[in-house]
Each structure stands twice: as C-alpha cells, then as structure tokens.
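**Q** Please find start_33.tsv (TSV, C-alpha atoms) on the next line:
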chain	number	residue	atom	x	y	z
C	50	MET	CA	14.80	20.48	4.92
C	51	SER	CA	14.23	18.44	8.07
C	52	TYR	CA	11.28	16.31	9.14
C	53	PRO	CA	10.16	16.75	12.78
C	54	VAL	CA	8.29	14.33	14.98
C	55	GLU	CA	6.94	15.17	18.42
C	56	VAL	CA	7.63	12.94	21.40
C	57	THR	CA	5.75	13.25	24.70
C	58	ASN	CA	5.69	11.32	27.97
C	59	VAL	CA	9.48	11.39	28.07
C	60	SER	CA	10.90	10.17	31.38
C	61	ALA	CA	12.66	12.64	33.67
C	62	ASP	CA	15.63	10.24	33.52
C	63	THR	CA	15.91	10.50	29.75
C	64	THR	CA	18.74	12.70	28.49
C	65	ASP	CA	19.33	14.15	25.03
C	66	THR	CA	21.93	11.43	24.48
C	67	LYS	CA	19.43	8.69	25.32
C	68	LEU	CA	16.87	10.21	22.96
C	69	HIS	CA	19.48	10.38	20.21
C	70	ASP	CA	20.56	6.78	20.80
C	71	PHE	CA	16.95	5.59	20.70
C	72	PHE	CA	15.78	7.44	17.61
C	73	SER	CA	19.00	7.13	15.62
C	74	PHE	CA	17.92	3.58	14.74
C	75	CYS	CA	15.36	5.31	12.50
C	76	GLY	CA	17.96	7.31	10.60
C	77	LYS	CA	20.12	10.40	10.73
C	78	ILE	CA	19.01	13.06	13.21
C	79	GLU	CA	19.71	16.73	12.55
C	80	LYS	CA	18.84	18.03	15.99
C	81	ILE	CA	16.77	17.42	19.11
C	82	ASP	CA	14.78	19.98	21.08
C	83	HIS	CA	14.17	18.48	24.51
C	84	LYS	CA	12.26	20.20	27.29
C	85	GLU	CA	11.21	18.29	30.40
C	86	LYS	CA	8.77	15.56	29.33
C	87	SER	CA	8.57	16.39	25.63
C	88	ALA	CA	10.95	16.56	22.69
C	89	THR	CA	10.99	17.25	18.98
C	90	ILE	CA	13.27	15.07	16.87
C	91	TYR	CA	14.32	16.52	13.52
C	92	PHE	CA	15.26	13.87	10.96
C	93	GLU	CA	17.25	14.42	7.80
C	94	LYS	CA	15.07	12.09	5.73
C	95	LEU	CA	11.32	11.63	5.50
C	96	SER	CA	11.58	7.83	5.68
C	97	ALA	CA	13.37	8.12	9.04
C	98	ALA	CA	10.57	10.27	10.44
C	99	LYS	CA	8.00	7.72	9.26
C	100	THR	CA	9.91	4.96	11.00
C	101	ALA	CA	9.94	7.03	14.19
C	102	LEU	CA	6.14	7.32	14.04
C	103	MET	CA	6.00	3.54	13.95
C	104	LEU	CA	7.58	3.53	17.44
C	105	ASN	CA	4.60	5.15	19.13
C	106	GLY	CA	4.17	3.33	22.44
C	107	GLY	CA	7.79	2.15	22.64
C	108	SER	CA	9.47	2.18	26.04
C	109	LEU	CA	12.44	4.33	27.05
C	110	ASP	CA	13.59	4.61	30.66
C	111	GLY	CA	10.34	3.04	31.82
C	112	SER	CA	8.04	5.47	30.02
C	113	ASN	CA	5.89	4.61	27.03
C	114	LEU	CA	6.66	7.29	24.46
C	115	ALA	CA	3.91	8.98	22.49
C	116	VAL	CA	5.30	9.73	19.03
C	117	SER	CA	3.28	11.83	16.60
C	118	SER	CA	3.44	14.39	13.82
C	119	SER	CA	0.99	16.98	12.56
C	120	THR	CA	2.52	16.96	9.09
C	121	ILE	CA	3.82	13.45	8.41
C	122	SER	CA	1.78	10.32	7.85
C	123	GLY	CA	3.42	7.06	8.86
C	124	ASP	CA	1.73	5.01	6.16
C	125	GLU	CA	2.97	6.91	3.12
C	126	ILE	CA	5.06	4.95	0.66
C	127	HIS	CA	8.63	6.19	0.78
C	128	ASP	CA	10.57	6.60	-2.43
C	129	GLU	CA	14.30	6.44	-1.79
C	130	PRO	CA	16.70	6.76	-4.72
C	131	GLU	CA	18.13	3.54	-6.10
C	132	ALA	CA	21.72	2.72	-5.23
C	133	SER	CA	24.28	3.30	-7.94
C	134	GLY	CA	27.30	1.13	-8.61
C	135	SER	CA	27.99	-2.00	-6.59
C	136	GLY	CA	25.17	-3.32	-4.47
C	137	THR	CA	27.69	-4.31	-1.80
C	138	GLN	CA	28.27	-0.73	-0.75
C	139	HIS	CA	27.32	0.35	2.75
C	140	VAL	CA	23.61	1.07	3.14
C	141	GLN	CA	22.12	3.73	5.32
C	142	GLN	CA	19.79	3.08	8.23
C	143	GLU	CA	16.89	4.63	6.32
C	144	ASP	CA	17.28	2.00	3.59
C	145	LYS	CA	16.62	-0.95	5.88
C	146	PRO	CA	13.29	-2.78	6.17
C	147	ARG	CA	11.29	-1.64	9.19
C	148	SER	CA	11.20	-5.23	10.45
C	149	GLY	CA	14.99	-5.25	10.47
C	150	ILE	CA	15.11	-1.96	12.33
C	151	VAL	CA	12.84	-3.13	15.14
C	152	ALA	CA	14.91	-6.31	15.38
C	153	GLU	CA	17.93	-4.07	16.02
C	154	TYR	CA	16.03	-2.31	18.79
C	155	LEU	CA	15.23	-5.62	20.48
C	156	ALA	CA	18.81	-6.85	20.09
C	157	LYS	CA	20.01	-3.70	21.81
C	158	GLY	CA	17.68	-4.38	24.74
C	159	TYR	CA	14.92	-1.85	24.10
C	160	GLU	CA	11.35	-2.86	24.86
C	161	LEU	CA	8.91	-2.61	21.98
C	162	GLY	CA	5.43	-4.05	22.29
C	163	GLU	CA	4.00	-6.61	19.88
C	164	PRO	CA	1.81	-3.93	18.20
C	165	ILE	CA	4.96	-2.06	17.12
C	166	LEU	CA	6.50	-5.22	15.67
C	167	GLN	CA	3.31	-5.95	13.77
C	168	ARG	CA	3.23	-2.34	12.61
C	169	ALA	CA	6.73	-2.79	11.17
C	170	ILE	CA	5.65	-5.94	9.34
C	171	ASP	CA	2.57	-4.21	7.95
C	172	MET	CA	4.61	-1.21	6.76
C	173	ASP	CA	7.04	-3.50	4.94
C	174	LYS	CA	4.16	-5.36	3.32
C	175	LYS	CA	2.52	-2.14	2.15
C	176	ASN	CA	5.59	-0.14	1.15
C	177	GLY	CA	7.90	-2.93	0.10
C	178	ILE	CA	11.62	-3.12	0.75
C	179	SER	CA	13.65	-0.21	-0.59
C	180	THR	CA	15.31	-0.84	-3.93
C	181	ARG	CA	18.63	0.25	-2.47
C	182	PHE	CA	18.58	-2.29	0.37
C	183	LEU	CA	17.18	-5.12	-1.75
C	184	SER	CA	19.94	-4.55	-4.29
C	185	TYR	CA	22.49	-4.48	-1.48
C	186	ILE	CA	21.44	-7.72	0.18
C	187	LYS	CA	21.06	-9.63	-3.10
C	188	GLN	CA	24.38	-8.54	-4.51
C	189	LEU	CA	26.12	-9.09	-1.18
C	190	ASP	CA	24.85	-12.65	-1.05
C	191	THR	CA	26.02	-13.30	-4.61
C	192	ALA	CA	29.27	-11.32	-4.65
C	193	ILE	CA	30.68	-12.56	-1.36
C	194	GLY	CA	29.36	-16.07	-1.96
C	195	SER	CA	31.04	-16.30	-5.35
C	196	LYS	CA	34.29	-14.97	-3.94
C	197	ILE	CA	34.42	-17.49	-1.10
C	198	THR	CA	32.63	-20.56	-2.44
C	199	GLY	CA	33.06	-20.30	-6.20
C	200	PRO	CA	31.21	-18.99	-9.28
C	201	GLU	CA	27.42	-18.76	-9.20
C	202	ALA	CA	27.30	-19.60	-5.49
C	203	THR	CA	25.70	-17.56	-2.74
C	204	LEU	CA	26.62	-17.36	0.92
C	205	SER	CA	23.13	-18.20	2.14
C	206	GLU	CA	22.71	-21.28	-0.09
C	207	LYS	CA	26.17	-22.68	0.58
C	208	ALA	CA	25.98	-22.10	4.32
C	209	ILE	CA	22.60	-23.74	4.69
C	210	ASN	CA	23.67	-26.74	2.62
C	211	THR	CA	26.85	-27.55	4.53
C	212	GLY	CA	26.33	-25.85	7.90
C	213	LYS	CA	29.08	-25.73	10.49
C	214	ALA	CA	31.42	-28.03	8.56
C	215	PHE	CA	31.57	-25.49	5.75
C	216	ASP	CA	32.08	-22.66	8.22
C	217	ASP	CA	34.96	-24.49	9.93
C	218	LYS	CA	36.64	-25.40	6.64
C	219	HIS	CA	36.52	-22.01	4.98
C	220	ARG	CA	36.26	-19.72	8.02
C	221	VAL	CA	33.60	-17.70	6.24
C	222	ILE	CA	32.46	-15.82	9.31
C	223	GLY	CA	36.06	-14.87	10.01
C	224	ARG	CA	36.30	-13.28	6.58
C	225	ALA	CA	33.04	-11.38	6.90
C	226	ASN	CA	33.07	-7.74	8.00
C	227	THR	CA	29.45	-6.70	8.47
C	228	TYR	CA	26.62	-8.33	10.36
C	229	TYR	CA	24.87	-9.16	7.10
C	230	GLU	CA	27.90	-10.98	5.72
C	231	LYS	CA	28.31	-12.99	8.92
C	232	ALA	CA	24.61	-13.80	9.10
C	233	LEU	CA	24.37	-14.85	5.47
C	234	ALA	CA	27.42	-17.06	5.93
C	235	SER	CA	25.96	-18.77	9.00
C	236	PRO	CA	23.91	-21.99	8.99
C	237	PHE	CA	20.87	-19.70	9.24
C	238	GLY	CA	21.85	-17.90	6.03
C	239	GLN	CA	18.70	-18.67	4.07
C	240	LYS	CA	16.47	-17.57	6.95
C	241	VAL	CA	18.39	-14.31	7.23
C	242	TYR	CA	18.23	-13.74	3.48
C	243	ALA	CA	14.48	-14.38	3.43
C	244	PHE	CA	13.97	-12.06	6.41
C	245	TYR	CA	15.61	-9.13	4.65
C	246	SER	CA	14.55	-9.78	1.06
C	247	THR	CA	10.86	-10.60	1.47
C	248	THR	CA	7.89	-9.00	3.21
C	249	THR	CA	6.37	-12.29	4.34
C	250	LYS	CA	7.13	-12.67	8.03
C	251	GLN	CA	5.59	-12.87	11.50
C	252	VAL	CA	6.38	-11.27	14.84
C	253	VAL	CA	8.27	-14.40	15.89
C	254	ASP	CA	10.61	-13.90	12.92
C	255	ILE	CA	11.57	-10.48	14.24
C	256	HIS	CA	12.38	-11.96	17.65
C	257	ASP	CA	14.49	-14.66	15.97
C	258	GLU	CA	16.44	-12.08	13.97
C	259	ALA	CA	16.94	-9.96	17.09
C	260	ARG	CA	18.52	-12.96	18.82
C	261	ARG	CA	20.83	-13.55	15.85
C	262	ILE	CA	21.95	-9.93	15.87
C	263	ALA	CA	22.55	-9.99	19.61
C	264	GLU	CA	24.54	-13.22	19.41
C	265	VAL	CA	26.81	-11.94	16.64
C	266	HIS	CA	27.59	-8.73	18.50
C	267	LYS	CA	28.05	-10.57	21.79
C	268	ALA	CA	30.64	-12.78	20.10
C	269	GLU	CA	32.37	-9.74	18.61
C	270	ARG	CA	32.60	-8.07	22.02
C	271	ALA	CA	33.93	-11.27	23.61
C	272	ASN	CA	36.61	-11.64	20.95
C	273	THR	CA	37.65	-8.02	21.28
C	274	THR	CA	37.73	-8.19	25.06
C	275	ALA	CA	39.79	-11.39	25.00
C	276	GLY	CA	42.48	-9.62	23.02
C	277	ALA	CA	42.46	-6.38	25.01
C	278	PRO	CA	45.71	-5.84	26.93
C	279	THR	CA	44.38	-3.22	29.33
C	280	THR	CA	41.34	-2.53	31.48
C	281	ALA	CA	40.58	0.51	29.33
C	282	GLY	CA	40.66	-1.67	26.23
C	283	ALA	CA	38.25	-4.13	27.78
C	284	THR	CA	35.92	-1.31	28.75
C	285	ASN	CA	35.91	0.03	25.20
C	286	ALA	CA	35.28	-3.42	23.82
C	287	ALA	CA	32.36	-4.01	26.16
C	288	ALA	CA	30.87	-0.70	25.10
C	289	ALA	CA	30.94	-1.68	21.43
C	290	ASP	CA	27.50	-2.70	20.21
C	291	ILE	CA	25.04	-2.42	17.36
C	292	LYS	CA	25.64	0.78	15.41
C	293	ALA	CA	22.35	2.16	14.19
C	294	THR	CA	23.76	3.02	10.79
C	295	GLY	CA	25.81	-0.03	9.99
C	296	LEU	CA	25.47	-3.15	12.09
Can you present the structure in this file as structure tokens?
**A**
Amino acid sequence: MSYPVEVTNVSADTTDTKLHDFFSFCGKIEKIDHKEKSATIYFEKLSAAKTALMLNGGSLDGSNLAVSSSTISGDEIHDEPEASGSGTQHVQQEDKPRSGIVAEYLAKGYELGEPILQRAIDMDKKNGISTRFLSYIKQLDTAIGSKITGPEATLSEKAINTGKAFDDKHRVIGRANTYYEKALASPFGQKVYAFYSTTTKQVVDIHDEARRIAEVHKAERANTTAGAPTTAGATNAAAADIKATGL
C-alpha cells in the first residue's frame, strides 16, 4: 500500500528528479506521477506522507508548492514499530523528528518559510519523537561515548566538558562515521543531543542545527576533494552531500 500526496503549483523548470530529491527527505518514495504543474507523490510509509504535508508552502525552483491530500491528515500521531536489537543501527528517514528533517532541507539550501519550521516543531511536540529514533540517538551517545571515552561516558557530555582539546587528543570526529556521531562528539554535543531527543525547541534551534549539518558536510566534501587525484574525482566529491536517508 502506498500513501499519495498531491502537489500543485510546480514550476515548469522542475523535473521528476528534482521532485524526488525534494520529497525524499520525507521518506521513501514509490513513484511520482508528474504532469505539467502538478504531481502526485506516492510514499511507502504513512509517516513520510504526513511529513510531506507539513511542507505545504515550501519553495522549489522559485514556486511555492501547494501540498495536500484528500485522505491523509498531517496531524495524526504516527505509530512506527520500535527498533529491535542495537539502538546504534541505521535509522530510516521516516524515523527522524520533523524538526531534524526540516533542518536537513535548510542545510541542503532549500527555502522553507518560518511557518513550516514552526509546523515541524508543533508536530514533534504533539506526536513525540519516534521510539526507534529516540532509542537510536540515546544508545549511540552512550555506546560510542563509552567506547571512546571510557565506561559510563557519553559523547555529548565528554565533548561539551572538554571541547576542542578533547577532540584534538582523541580525534573523536575522525573516528565517527555518521553525522550524528560527529555532531555528538563536537563541542556542541549536548545541544545536538537535546535537539534530537527532546521536543522543546524554537525556530532558531532549527536554523542552528541546519548550520551544523551544512558545516559537517562541507568539511567532508573539502577533505574528499583534497585527496582526489583527478578532476572526475573532485567533481564526484563536490557532488556528495546530505543523503536524505542517512546523513
């Protein structure tokens, strides 16, 4: 079963690929029916479709998209299954807090108005953070922190207590693989942890997180480009950016 949302006021410059890139931040897309200035996006999961409805009024190729559905309500509480096994497993895009998702949009360079950011905050407050993601971020903070800094330590607490000196000594960011690991290990670790584990935040917090995401990925691209032996390698490195399903 798929969950469709209707999109109108699509720019003539917007291709199927651009639509897919834009809406894939919400979650996995099964297919897109695109005709002139309208499109129907079919999502694999209900929570992804609800996130897409939150984007009503967002800008793509200079046009403010109208996103709606005759069958799906954007304010329903989603009920995703709890993660099994280790909480440090990879989480899906649909598991993430809506505030985190809109931060990814901003980091990528998309324009979302303040009402959309507030809508994301309100949805997180009402629906809560998914059990799967909350388990992931908590166990990641503890598991990686204990591994690097010692028993009963967390990345966010250790990083905030010792800052750059700790980072230089133990090269924590160098050992981290995902954005979340790198962010938790940074001097802003506690702020990042609070952003993703609580529903108490403001629009400015989303902008701050978007800047952190952009800076991490900018550094990754610069490091990759610096080591690229060919022009083609540099081009590929420059093209690397935030992946909607993994960061």
**Q** Restricting the calculation to only C-alpha atoms: of C:Val151, C:Val140, C:Ile255, C:Ala263, which residue gets closest to Leu183 in chain C?
**A**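 Ranked by minimum distance to Leu183 in chain C, first place goes to C:Val140.
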**Q** Quote the spacing between CA of Asp144 in chain C and CA of Ala169 in chain C in Å to one decimal place.
**A** 13.8 Å
**Q** Under the rule that only C-alpha atoms are counted, which of C:Leu102, C:Val252, C:Ile121, C:Ile81 is the nearest residue to Tyr52 in chain C?
**A**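 Ranking C:Leu102, C:Val252, C:Ile121, C:Ile81 by distance to Tyr52 in chain C, first place goes to C:Ile121.
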**Q** Any idea what's packed within 12 Å of Ser60 in chain C, counting only C-alpha atoms, ignoring anything in its chain fewer than 3 positions away? Could you give it as a CSV table (one decimal) with C-alpha atoms, in the coordinates of the input?
**A**
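As a result, selection_27.csv now contains:
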chain,number,residue,atom,x,y,z
C,56,VAL,CA,7.6,12.9,21.4
C,57,THR,CA,5.8,13.2,24.7
C,63,THR,CA,15.9,10.5,29.8
C,64,THR,CA,18.7,12.7,28.5
C,65,ASP,CA,19.3,14.2,25.0
C,67,LYS,CA,19.4,8.7,25.3
C,68,LEU,CA,16.9,10.2,23.0
C,83,HIS,CA,14.2,18.5,24.5
C,84,LYS,CA,12.3,20.2,27.3
C,85,GLU,CA,11.2,18.3,30.4
C,86,LYS,CA,8.8,15.6,29.3
C,87,SER,CA,8.6,16.4,25.6
C,88,ALA,CA,11.0,16.6,22.7
C,108,SER,CA,9.5,2.2,26.0
C,109,LEU,CA,12.4,4.3,27.0
C,110,ASP,CA,13.6,4.6,30.7
C,111,GLY,CA,10.3,3.0,31.8
C,112,SER,CA,8.0,5.5,30.0
C,113,ASN,CA,5.9,4.6,27.0
C,114,LEU,CA,6.7,7.3,24.5
C,115,ALA,CA,3.9,9.0,22.5
**Q** Would you list the residues near (25.0, -13.7, 3.5) (no more than 7 Å away, in the coordinates of the file, using only C-alpha atoms) as a PDB file with C-alpha atoms, in the frame of the given file?
**A**
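This went into out-v6.pdb:
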ATOM      1  CA  LEU C 189      26.120  -9.090  -1.180  1.00  0.00           C
ATOM      2  CA  ASP C 190      24.850 -12.650  -1.050  1.00  0.00           C
ATOM      3  CA  LEU C 204      26.620 -17.360   0.920  1.00  0.00           C
ATOM      4  CA  SER C 205      23.130 -18.200   2.140  1.00  0.00           C
ATOM      5  CA  TYR C 229      24.870  -9.160   7.100  1.00  0.00           C
ATOM      6  CA  GLU C 230      27.900 -10.980   5.720  1.00  0.00           C
ATOM      7  CA  LYS C 231      28.310 -12.990   8.920  1.00  0.00           C
ATOM      8  CA  ALA C 232      24.610 -13.800   9.100  1.00  0.00           C
ATOM      9  CA  LEU C 233      24.370 -14.850   5.470  1.00  0.00           C
ATOM     10  CA  ALA C 234      27.420 -17.060   5.930  1.00  0.00           C
ATOM     11  CA  GLY C 238      21.850 -17.900   6.030  1.00  0.00           C
ATOM     12  CA  TYR C 242      18.230 -13.740   3.480  1.00  0.00           C
TER      13      TYR C 242
END
**Q** To one decimal in Å, tell me the separation between CA of Thr180 in chain C and CA of Gly106 in chain C.
**A**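 A separation of 28.9 Å between them.
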**Q** With distances taken over only C-alpha atoms, which residue among C:Leu166, C:Cys75, C:Met172, C:Ala97 lies nearest Ala259 in chain C?
**A** C:Leu166
**Q** My list of candidates is C:Ala61, C:Ile262, C:Val253, C:Val54. Which is closest to Thr120 in chain C when distances are computed with all atoms listed in the file?
**A**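 Distance minimum relative to Thr120 in chain C lands on C:Val54.
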**Q** Quick one, how far is CA of Met50 in chain C from CA of Glu93 in chain C?
**A**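 One can read the CA of Met50 in chain C to CA of Glu93 in chain C distance as 7.1 Å.
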**Q** Nearest to Ala243 in chain C: which of C:Tyr159, C:Pro164, C:Pro146, C:Val265 is it, counting all atoms listed in the file?
**A**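 Once distances to Ala243 in chain C are computed over all atoms listed in the file, the minimum belongs to C:Pro146.
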**Q** Hey, can you pull every residue with an atom no more than 6 Å from (17.9, 0.6, 15.5), using all atoms listed in the file, and send it as a CSV table (one decimal) with C-alpha atoms, in the coordinates of the input?
**A**
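Output file selection-v3.csv follows:
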chain,number,residue,atom,x,y,z
C,74,PHE,CA,17.9,3.6,14.7
C,150,ILE,CA,15.1,-2.0,12.3
C,153,GLU,CA,17.9,-4.1,16.0
C,154,TYR,CA,16.0,-2.3,18.8
C,293,ALA,CA,22.4,2.2,14.2
**Q** Name the closest residue to Ser148 in chain C among the candidates C:His266, C:His256, C:Lys187, C:Arg261; distances are taken between atoms, counting all atoms listed in the file.
**A**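 Closest candidate: C:His256.
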**Q** Give me the residues within 10 Å of Ser117 in chain C as a VMD selection string, counting all atoms listed in the file and dropping any in the same chain fewer than 5 places off.
**A** chain C and resid 53 to 57 89 98 to 99 101 to 105 122 to 123
**Q** So which residues touch Lys77 in chain C within 7 Å, counting all atoms listed in the file, skipping near sequence neighbours fewer than 2 positions away, as a ChimeraX atom specification?
**A** /C:73,79,92-93
**Q** Could you pull range 137-164 of chain C out of the block above and give me N, CA and C atoms, as a CSV table (one decimal), in the first residue's frame?
**A**
chain,number,residue,atom,x,y,z
C,137,THR,N,22.1,1.5,17.9
C,137,THR,CA,23.0,2.2,17.0
C,137,THR,C,22.9,1.8,15.6
C,138,GLN,N,21.9,1.0,15.2
C,138,GLN,CA,21.7,0.6,13.9
C,138,GLN,C,21.2,1.9,13.1
C,139,HIS,N,21.4,1.8,11.7
C,139,HIS,CA,21.0,2.9,10.9
C,139,HIS,C,19.5,3.1,11.0
C,140,VAL,N,19.1,4.3,11.1
C,140,VAL,CA,17.6,4.7,11.2
C,140,VAL,C,17.2,5.2,9.8
C,141,GLN,N,15.9,5.0,9.6
C,141,GLN,CA,15.3,5.5,8.3
C,141,GLN,C,14.9,6.9,8.4
C,142,GLN,N,14.7,7.5,7.3
C,142,GLN,CA,14.4,9.0,7.2
C,142,GLN,C,13.0,9.2,7.9
C,143,GLU,N,12.1,8.2,7.8
C,143,GLU,CA,10.8,8.4,8.4
C,143,GLU,C,10.9,8.4,10.0
C,144,ASP,N,12.0,7.9,10.5
C,144,ASP,CA,12.1,7.8,12.0
C,144,ASP,C,12.5,9.1,12.6
C,145,LYS,N,13.0,10.0,11.8
C,145,LYS,CA,13.6,11.2,12.4
C,145,LYS,C,12.6,12.2,12.8
C,146,PRO,N,12.9,13.1,13.8
C,146,PRO,CA,12.0,14.1,14.2
C,146,PRO,C,11.8,15.1,13.0
C,147,ARG,N,10.6,15.6,12.9
C,147,ARG,CA,10.3,16.6,11.8
C,147,ARG,C,11.2,17.8,11.9
C,148,SER,N,11.6,18.2,13.1
C,148,SER,CA,12.5,19.4,13.2
C,148,SER,C,13.8,19.1,12.6
C,149,GLY,N,14.3,17.8,12.8
C,149,GLY,CA,15.5,17.4,12.2
C,149,GLY,C,15.5,17.4,10.7
C,150,ILE,N,14.3,16.9,10.2
C,150,ILE,CA,14.1,16.8,8.7
C,150,ILE,C,14.2,18.2,8.1
C,151,VAL,N,13.5,19.2,8.6
C,151,VAL,CA,13.5,20.5,8.0
C,151,VAL,C,14.8,21.1,8.1
C,152,ALA,N,15.6,20.8,9.2
C,152,ALA,CA,17.0,21.3,9.3
C,152,ALA,C,17.8,20.8,8.1
C,153,GLU,N,17.6,19.5,7.7
C,153,GLU,CA,18.3,18.9,6.6
C,153,GLU,C,17.9,19.7,5.3
C,154,TYR,N,16.7,20.0,5.2
C,154,TYR,CA,16.3,20.8,4.0
C,154,TYR,C,17.0,22.1,3.9
C,155,LEU,N,17.1,22.8,5.0
C,155,LEU,CA,17.8,24.1,5.1
C,155,LEU,C,19.2,24.0,4.8
C,156,ALA,N,19.8,22.9,5.4
C,156,ALA,CA,21.3,22.7,5.2
C,156,ALA,C,21.6,22.4,3.7
C,157,LYS,N,20.6,21.8,3.0
C,157,LYS,CA,20.8,21.5,1.6
C,157,LYS,C,20.6,22.7,0.7
C,158,GLY,N,20.0,23.8,1.3
C,158,GLY,CA,19.8,25.0,0.5
C,158,GLY,C,18.4,25.3,0.1
C,159,TYR,N,17.5,24.4,0.5
C,159,TYR,CA,16.1,24.7,0.1
C,159,TYR,C,15.5,25.8,1.0
C,160,GLU,N,14.5,26.5,0.5
C,160,GLU,CA,13.9,27.6,1.2
C,160,GLU,C,12.5,27.1,1.8
C,161,LEU,N,12.5,27.1,3.1
C,161,LEU,CA,11.2,26.8,3.8
C,161,LEU,C,10.9,28.0,4.7
C,162,GLY,N,9.7,28.4,4.6
C,162,GLY,CA,9.3,29.6,5.4
C,162,GLY,C,9.2,29.3,6.9
C,163,GLU,N,9.2,30.3,7.7
C,163,GLU,CA,9.1,30.1,9.2
C,163,GLU,C,7.9,29.3,9.6
C,164,PRO,N,6.7,29.5,8.9
C,164,PRO,CA,5.5,28.7,9.3
C,164,PRO,C,5.8,27.2,9.2
